[in-house]
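S.K.: Take a look at protein.cif, mmCIF, C-alpha atoms:
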```cif
data_target
loop_
_atom_site.label_atom_id
_atom_site.label_comp_id
_atom_site.auth_asym_id
_atom_site.auth_seq_id
_atom_site.Cartn_x
_atom_site.Cartn_y
_atom_site.Cartn_z
CA MET A 1 121.76 115.36 -90.34
CA SER A 2 118.04 114.81 -90.69
CA SER A 3 116.19 113.37 -87.72
CA ASN A 4 114.50 110.78 -89.95
CA ALA A 5 117.74 109.79 -91.68
CA VAL A 6 118.25 106.91 -89.24
CA SER A 7 115.60 104.49 -88.03
CA TYR A 8 116.02 101.45 -85.81
CA ASP A 9 113.64 98.55 -85.27
CA GLN A 10 114.53 96.91 -81.98
CA SER A 11 112.24 93.92 -82.58
CA THR A 12 114.29 92.87 -85.63
CA ASP A 13 117.60 94.56 -84.69
CA SER A 14 117.60 96.32 -88.05
CA LEU A 15 118.85 99.82 -88.76
CA TYR A 16 118.09 101.89 -91.84
CA VAL A 17 120.29 104.84 -92.74
CA LYS A 18 118.95 107.10 -95.51
CA ILE A 19 122.11 108.67 -96.89
CA ARG A 20 120.63 111.10 -99.39
CA PRO A 21 117.38 111.93 -101.15
CA GLY A 22 116.43 109.73 -104.02
CA THR A 23 114.72 106.53 -104.94
CA SER A 24 116.35 103.14 -104.88
CA VAL A 25 116.44 101.67 -108.39
CA ARG A 26 118.33 98.53 -107.43
CA GLN A 27 119.94 96.88 -104.45
CA ARG A 28 123.28 95.32 -103.67
CA TYR A 29 123.35 92.53 -101.10
CA ASP A 30 126.33 91.89 -98.87
CA ASP A 31 125.51 88.67 -97.03
CA ALA A 32 128.80 88.66 -95.11
CA ARG A 33 127.93 91.98 -93.49
CA ASP A 34 124.13 91.47 -93.36
CA VAL A 35 123.46 94.65 -95.31
CA ILE A 36 121.32 95.63 -98.27
CA ILE A 37 122.56 98.79 -99.97
CA ASP A 38 119.92 100.75 -101.87
CA LEU A 39 121.45 102.29 -104.99
CA GLY A 40 120.19 105.33 -106.88
CA ALA A 41 120.03 105.78 -110.63
CA ASP A 42 123.63 107.02 -110.54
CA GLY A 43 124.79 103.76 -108.92
CA GLU A 44 125.67 105.48 -105.64
CA PRO A 45 124.13 104.46 -102.28
CA VAL A 46 120.94 106.18 -101.15
CA GLY A 47 120.44 103.99 -98.08
CA TYR A 48 121.76 101.12 -95.99
CA ASP A 49 119.46 98.47 -94.51
CA ILE A 50 121.59 96.80 -91.83
CA GLN A 51 120.28 93.54 -90.39
CA PHE A 52 121.53 92.32 -86.98
CA ALA A 53 122.75 95.89 -86.50
CA SER A 54 124.04 95.29 -82.99
CA LYS A 55 126.67 92.98 -84.50
CA HIS A 56 127.81 95.32 -87.28
CA ALA A 57 129.26 98.51 -85.82
CA ASP A 58 131.64 98.70 -88.80
CA VAL A 59 128.78 98.85 -91.32
CA ILE A 60 126.91 101.40 -89.19
CA ALA A 61 130.03 103.58 -89.05
CA GLU A 62 130.42 103.33 -92.83
CA ALA A 63 126.81 104.35 -93.46
CA LEU A 64 126.93 107.22 -90.96
CA THR A 65 130.16 108.52 -92.52
CA LEU A 66 128.48 108.59 -95.94
CA LEU A 67 125.47 110.37 -94.43
CA GLN A 68 127.70 112.93 -92.75
CA ASN A 69 129.68 113.53 -95.94
CA TYR A 70 126.49 113.98 -97.98
CA SER A 71 125.06 116.35 -95.35
CA ARG A 72 128.18 118.53 -95.60
CA LEU A 73 127.98 118.64 -99.38
CA ALA A 74 124.28 119.50 -99.34
CA ALA A 75 124.73 122.33 -96.84
#
```
Please express the file's structure as structure tokens.
M.R.:
Amino acid sequence: MSSNAVSYDQSTDSLYVKIRPGTSVRQRYDDARDVIIDLGADGEPVGYDIQFASKHADVIAEALTLLQNYSRLAA
């Protein structure tokens, strides 16, 4: 897992998890979970921008699982 794969901004309680290399070509908003999912050209997530992160352990776990799975595949 890359050390810069996860970044947290305490002042806004937002967490960004970069799941895999690539550029976001579009985003999917999930207002109920306060998350913006950056999607790559293949339609798969490249990153999660989680707002109010301290309230969304479930979304953090989901993003970290994807990151872990991608890291295993890339190794």
S.K.: Counting all atoms listed in the file, what is within 7 Å of range 4-14 of chain A, bar same-chain residues fewer than 4 positions away, as a VMD selection string?
M.R.: chain A and resid 18 to 19 50 to 54
S.K.: Kindly indicate which residue among A:Tyr48, A:Ala41, A:Ile36, A:Arg28 lies nearest to Ile60 in chain A, using all atoms listed in the file for the distances.
M.R.: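 Residue with the minimum atom-to-atom distance to Ile60 in chain A: A:Tyr48.
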S.K.: How far is it from CA of Tyr29 in chain A to CA of Leu66 in chain A, in Å with one decimal?
M.R.: 17.6 Å
S.K.: CA of Ser24 in chain A and CA of Leu39 in chain A are how many Å apart?
M.R.: 5.2 Å
S.K.: Apply the PyMOL selection byres ((chain A and resi 62) around 12) to the structure shown and report the selected residues as number ranges by chain.
M.R.: A: 17, 19, 33, 35, 37, 45, 47-48, 50, 56-61, 63-69
S.K.: What does the structure give for the distance between CA of Ser71 in chain A and CA of Leu15 in chain A, in Å to one decimal?
M.R.: 18.8 Å
